[in-house]
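Visitor: For reference, this is query-v9.cif, and it has mmCIF, C-alpha atoms.
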data_target
#
loop_
_atom_site.label_atom_id
_atom_site.label_comp_id
_atom_site.auth_asym_id
_atom_site.auth_seq_id
_atom_site.Cartn_x
_atom_site.Cartn_y
_atom_site.Cartn_z
CA MET A 258 0.00 0.00 0.00
CA CYS A 259 1.36 3.41 -0.83
CA THR A 260 2.17 5.78 1.99
CA SER A 261 1.60 9.04 0.17
CA LYS A 262 -1.63 10.47 -1.17
CA SER A 263 -0.43 10.18 -4.76
CA ASN A 264 -2.50 8.25 -7.28
CA THR A 265 -0.05 5.34 -7.49
CA ARG A 266 -2.76 2.74 -6.93
CA TYR A 267 -4.21 3.56 -10.36
CA TYR A 268 -1.06 2.53 -12.23
CA THR A 269 -0.76 -1.11 -13.06
CA SER A 270 2.94 -1.82 -13.42
CA ARG A 271 5.88 -1.08 -11.16
CA GLU A 272 7.49 0.94 -13.97
CA ASP A 273 4.38 3.14 -14.28
CA ILE A 274 4.42 3.81 -10.55
CA ILE A 275 8.12 4.73 -10.58
CA GLU A 276 7.58 7.03 -13.58
CA LYS A 277 4.65 8.78 -11.85
CA LEU A 278 6.71 9.25 -8.68
CA ASP A 279 9.58 10.69 -10.73
CA GLU A 280 7.17 13.19 -12.32
CA SER A 281 5.88 14.20 -8.90
CA LEU A 282 9.41 14.72 -7.62
CA LYS A 283 10.49 16.79 -10.65
CA ASN A 284 7.51 18.93 -11.59
CA VAL A 285 5.77 19.82 -8.37
CA LYS A 286 6.91 22.29 -5.76
CA ILE A 287 6.53 20.30 -2.58
CA SER A 288 7.72 20.46 0.99
CA GLU A 289 10.88 18.63 1.97
CA VAL A 290 8.90 16.11 4.02
CA LYS A 291 6.67 15.29 1.03
CA ARG A 292 9.77 14.96 -1.17
CA GLN A 293 11.27 12.47 1.31
CA VAL A 294 8.04 10.45 1.42
CA LEU A 295 7.89 10.25 -2.38
CA THR A 296 11.57 9.31 -2.56
CA ILE A 297 11.11 6.47 -0.05
CA GLU A 298 7.98 5.28 -1.84
CA LYS A 299 9.87 5.25 -5.14
CA LYS A 300 12.70 3.22 -3.60
CA THR A 301 10.24 0.60 -2.34
CA TYR A 302 8.91 0.11 -5.88
CA GLU A 303 12.40 -0.02 -7.35
CA ASN A 304 13.29 -3.06 -5.24
CA LYS A 305 12.71 -5.99 -7.56
CA PHE A 306 12.01 -9.54 -6.55
CA SER A 307 11.68 -12.59 -8.70
CA SER A 308 8.18 -13.36 -9.91
CA SER A 309 8.19 -16.64 -7.97
CA THR A 310 9.00 -14.76 -4.75
CA GLU A 311 6.19 -12.29 -5.44
CA GLU A 312 3.74 -15.16 -6.04
CA ILE A 313 4.70 -16.85 -2.76
CA VAL A 314 4.29 -13.58 -0.85
CA LYS A 315 0.89 -12.87 -2.45
CA ILE A 316 -0.39 -16.36 -1.64
CA THR A 317 0.91 -16.18 1.92
CA LEU A 318 -0.48 -12.73 2.67
CA ASN A 319 -3.94 -13.09 1.15
CA ASN A 320 -5.44 -15.06 4.09
CA LYS A 321 -7.56 -17.31 1.83
CA LYS A 322 -8.10 -21.06 2.05
CA ASP A 323 -6.90 -22.68 -1.16
CA PRO A 324 -6.42 -19.39 -3.04
CA ILE A 325 -7.15 -19.27 -6.77
CA LYS A 326 -5.49 -16.65 -8.94
CA CYS A 327 -7.61 -14.40 -11.16
CA ASP A 328 -6.29 -14.76 -14.72
CA PHE A 329 -7.19 -11.15 -15.51
CA CYS A 330 -5.62 -9.17 -12.65
CA GLY A 331 -3.49 -11.65 -10.67
CA ASN A 332 -5.26 -11.21 -7.32
CA TYR A 333 -6.13 -14.26 -5.25
CA PHE A 334 -9.60 -15.30 -4.15
CA GLU A 335 -11.50 -18.25 -2.76
CA LYS A 336 -13.48 -20.20 -5.36
CA ASN A 337 -16.83 -18.41 -4.86
CA GLY A 338 -15.14 -15.06 -4.43
CA LEU A 339 -13.28 -15.48 -7.72
CA LYS A 340 -16.48 -16.16 -9.65
CA ARG A 341 -18.13 -13.06 -8.21
CA HIS A 342 -14.99 -10.95 -8.74
CA ILE A 343 -14.78 -11.92 -12.42
CA THR A 344 -18.46 -11.18 -13.08
CA VAL A 345 -18.23 -7.78 -11.38
CA LYS A 346 -14.75 -6.50 -12.26
CA HIS A 347 -13.91 -8.23 -15.55
CA LYS A 348 -17.29 -8.60 -17.25
CA ASN A 349 -16.06 -6.93 -20.46
CA GLN A 350 -12.84 -8.93 -20.79
#
Could you write out this file's structure as structure tokens?
Guide:
Amino acid sequence: MCTSKSNTRYYTSREDIIEKLDESLKNVKISEVKRQVLTIEKKTYENKFSSSTEEIVKITLNNKKDPIKCDFCGNYFEKNGLKRHITVKHKNQ
């Protein structure tokens, strides 16, 4: 979860998030505290892990019994939750 009030949650890839944070740091006149927060947030997204490590962390932290991965967005759900999620969030895909 992002620590600043920037719109990073609306960007899908790590590279998009880093690019948005760079723009915020360059183009906006901000306080030193806000600059430090954005810099730290950027550094957390720059740390790269292998995809297998990310999958293990996602599965471990999702608190679901027998999690099933959504093929569209990569989030994990229980069986019934996945069906509902797909019909609500991905109905046009």
Visitor: Segment 336-350 of chain A: which residues within 7 Å, counting all atoms listed in the file, same-chain residues fewer than 2 positions away excluded, as a PyMOL selection string?
Guide: chain A and resi 325+327+334
Visitor: Keeping only C-alpha atoms, write the selected residues to a file as an mmCIF file, in the coordinates of the input.
Guide:
data_model
loop_
_atom_site.group_PDB
_atom_site.id
_atom_site.type_symbol
_atom_site.label_atom_id
_atom_site.label_comp_id
_atom_site.auth_asym_id
_atom_site.auth_seq_id
_atom_site.Cartn_x
_atom_site.Cartn_y
_atom_site.Cartn_z
ATOM 1 C CA ILE A 325 -7.150 -19.270 -6.770
ATOM 2 C CA CYS A 327 -7.610 -14.400 -11.160
ATOM 3 C CA PHE A 334 -9.600 -15.300 -4.150
#
Visitor: Show which residues sit within 7 Å of segment 300-309 of chain A, as a VMD selection string. Count all atoms listed in the file, and ignore same-chain residues fewer than 3 positions away.
Guide: chain A and resid 271 275 296 to 297 312 to 313
Visitor: Near Asp279 of chain A, counting only C-alpha atoms, which residues have an atom at most 12 Å away, once you skip same-chain residues fewer than 2 positions from it, shown as an MDAnalysis selection string?
Guide: chainID A and resid 263 265 272:277 281:285 292 295:300 302:303
Visitor: May I ask for the distance between atom CA of Ser270 of chain A and atom CA of Ile287 of chain A, given in Å to one decimal place?
Guide: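 Going from atom CA of Ser270 of chain A over to atom CA of Ile287 of chain A, I get 24.9 Å.
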Visitor: Work out how far apart atom CA of Cys330 of chain A and atom CA of Lys315 of chain A are and give it in Å to one decimal.
Guide: 12.7 Å
Visitor: Rounded to one decimal, what separation in Å do you get between atom CA of Thr317 of chain A and atom CA of Asn332 of chain A?
Guide: 12.2 Å
Visitor: Would you mind writing segment 307-318 of chain A with all heavy atoms, as a JSON list (two decimals), in the coordinates of the input?
Guide:
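Result went into part08.json, see below:
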[["chain", "number", "residue", "atom", "x", "y", "z"],
["A", 307, "SER", "N", 12.05, -11.68, -7.63],
["A", 307, "SER", "CA", 11.68, -12.59, -8.70],
["A", 307, "SER", "C", 10.18, -12.80, -8.68],
["A", 307, "SER", "O", 9.51, -12.62, -7.67],
["A", 307, "SER", "CB", 12.41, -13.93, -8.52],
["A", 307, "SER", "OG", 11.90, -14.59, -7.39],
["A", 308, "SER", "N", 9.63, -13.17, -9.82],
["A", 308, "SER", "CA", 8.18, -13.36, -9.91],
["A", 308, "SER", "C", 7.73, -14.51, -9.01],
["A", 308, "SER", "O", 6.64, -14.47, -8.44],
["A", 308, "SER", "CB", 7.76, -13.61, -11.34],
["A", 308, "SER", "OG", 8.39, -14.75, -11.86],
["A", 309, "SER", "N", 8.57, -15.53, -8.85],
["A", 309, "SER", "CA", 8.19, -16.64, -7.97],
["A", 309, "SER", "C", 8.13, -16.19, -6.52],
["A", 309, "SER", "O", 7.24, -16.60, -5.77],
["A", 309, "SER", "CB", 9.15, -17.82, -8.12],
["A", 309, "SER", "OG", 10.47, -17.43, -7.74],
["A", 310, "THR", "N", 9.03, -15.30, -6.11],
["A", 310, "THR", "CA", 9.00, -14.76, -4.75],
["A", 310, "THR", "C", 7.75, -13.92, -4.55],
["A", 310, "THR", "O", 7.08, -14.02, -3.52],
["A", 310, "THR", "CB", 10.25, -13.90, -4.48],
["A", 310, "THR", "OG1", 11.42, -14.69, -4.69],
["A", 310, "THR", "CG2", 10.25, -13.35, -3.07],
["A", 311, "GLU", "N", 7.40, -13.10, -5.54],
["A", 311, "GLU", "CA", 6.19, -12.29, -5.44],
["A", 311, "GLU", "C", 4.94, -13.16, -5.33],
["A", 311, "GLU", "O", 4.03, -12.86, -4.56],
["A", 311, "GLU", "CB", 6.08, -11.34, -6.64],
["A", 311, "GLU", "CG", 7.06, -10.20, -6.58],
["A", 311, "GLU", "CD", 6.91, -9.23, -7.75],
["A", 311, "GLU", "OE1", 5.95, -9.38, -8.53],
["A", 311, "GLU", "OE2", 7.75, -8.34, -7.86],
["A", 312, "GLU", "N", 4.88, -14.25, -6.09],
["A", 312, "GLU", "CA", 3.74, -15.16, -6.04],
["A", 312, "GLU", "C", 3.61, -15.80, -4.65],
["A", 312, "GLU", "O", 2.51, -15.87, -4.10],
["A", 312, "GLU", "CB", 3.85, -16.26, -7.09],
["A", 312, "GLU", "CG", 3.65, -15.77, -8.49],
["A", 312, "GLU", "CD", 2.25, -15.24, -8.72],
["A", 312, "GLU", "OE1", 1.27, -15.89, -8.30],
["A", 312, "GLU", "OE2", 2.12, -14.15, -9.31],
["A", 313, "ILE", "N", 4.72, -16.22, -4.09],
["A", 313, "ILE", "CA", 4.70, -16.85, -2.76],
["A", 313, "ILE", "C", 4.23, -15.85, -1.72],
["A", 313, "ILE", "O", 3.40, -16.18, -0.86],
["A", 313, "ILE", "CB", 6.11, -17.40, -2.40],
["A", 313, "ILE", "CG1", 6.44, -18.58, -3.30],
["A", 313, "ILE", "CG2", 6.17, -17.81, -0.93],
["A", 313, "ILE", "CD1", 7.88, -19.03, -3.22],
["A", 314, "VAL", "N", 4.70, -14.61, -1.80],
["A", 314, "VAL", "CA", 4.29, -13.58, -0.85],
["A", 314, "VAL", "C", 2.80, -13.28, -1.00],
["A", 314, "VAL", "O", 2.07, -13.19, -0.01],
["A", 314, "VAL", "CB", 5.13, -12.30, -1.03],
["A", 314, "VAL", "CG1", 4.56, -11.14, -0.25],
["A", 314, "VAL", "CG2", 6.57, -12.56, -0.61],
["A", 315, "LYS", "N", 2.32, -13.14, -2.23],
["A", 315, "LYS", "CA", 0.89, -12.87, -2.45],
["A", 315, "LYS", "C", 0.03, -13.99, -1.88],
["A", 315, "LYS", "O", -0.99, -13.73, -1.24],
["A", 315, "LYS", "CB", 0.60, -12.70, -3.95],
["A", 315, "LYS", "CG", 1.02, -11.39, -4.51],
["A", 315, "LYS", "CD", 0.66, -11.33, -5.99],
["A", 315, "LYS", "CE", 1.12, -10.06, -6.63],
["A", 315, "LYS", "NZ", 0.78, -10.03, -8.07],
["A", 316, "ILE", "N", 0.39, -15.23, -2.14],
["A", 316, "ILE", "CA", -0.39, -16.36, -1.64],
["A", 316, "ILE", "C", -0.38, -16.39, -0.13],
["A", 316, "ILE", "O", -1.40, -16.61, 0.52],
["A", 316, "ILE", "CB", 0.15, -17.69, -2.22],
["A", 316, "ILE", "CG1", -0.16, -17.76, -3.72],
["A", 316, "ILE", "CG2", -0.46, -18.89, -1.51],
["A", 316, "ILE", "CD1", 0.51, -18.92, -4.43],
["A", 317, "THR", "N", 0.77, -16.13, 0.47],
["A", 317, "THR", "CA", 0.91, -16.18, 1.92],
["A", 317, "THR", "C", 0.12, -15.06, 2.60],
["A", 317, "THR", "O", -0.53, -15.28, 3.61],
["A", 317, "THR", "CB", 2.39, -16.06, 2.32],
["A", 317, "THR", "OG1", 3.12, -17.10, 1.68],
["A", 317, "THR", "CG2", 2.56, -16.18, 3.82],
["A", 318, "LEU", "N", 0.12, -13.89, 2.03],
["A", 318, "LEU", "CA", -0.48, -12.73, 2.67],
["A", 318, "LEU", "C", -1.97, -12.54, 2.37],
["A", 318, "LEU", "O", -2.60, -11.66, 2.93],
["A", 318, "LEU", "CB", 0.27, -11.46, 2.28],
["A", 318, "LEU", "CG", 1.70, -11.37, 2.77],
["A", 318, "LEU", "CD1", 2.34, -10.08, 2.29],
["A", 318, "LEU", "CD2", 1.77, -11.46, 4.28]]
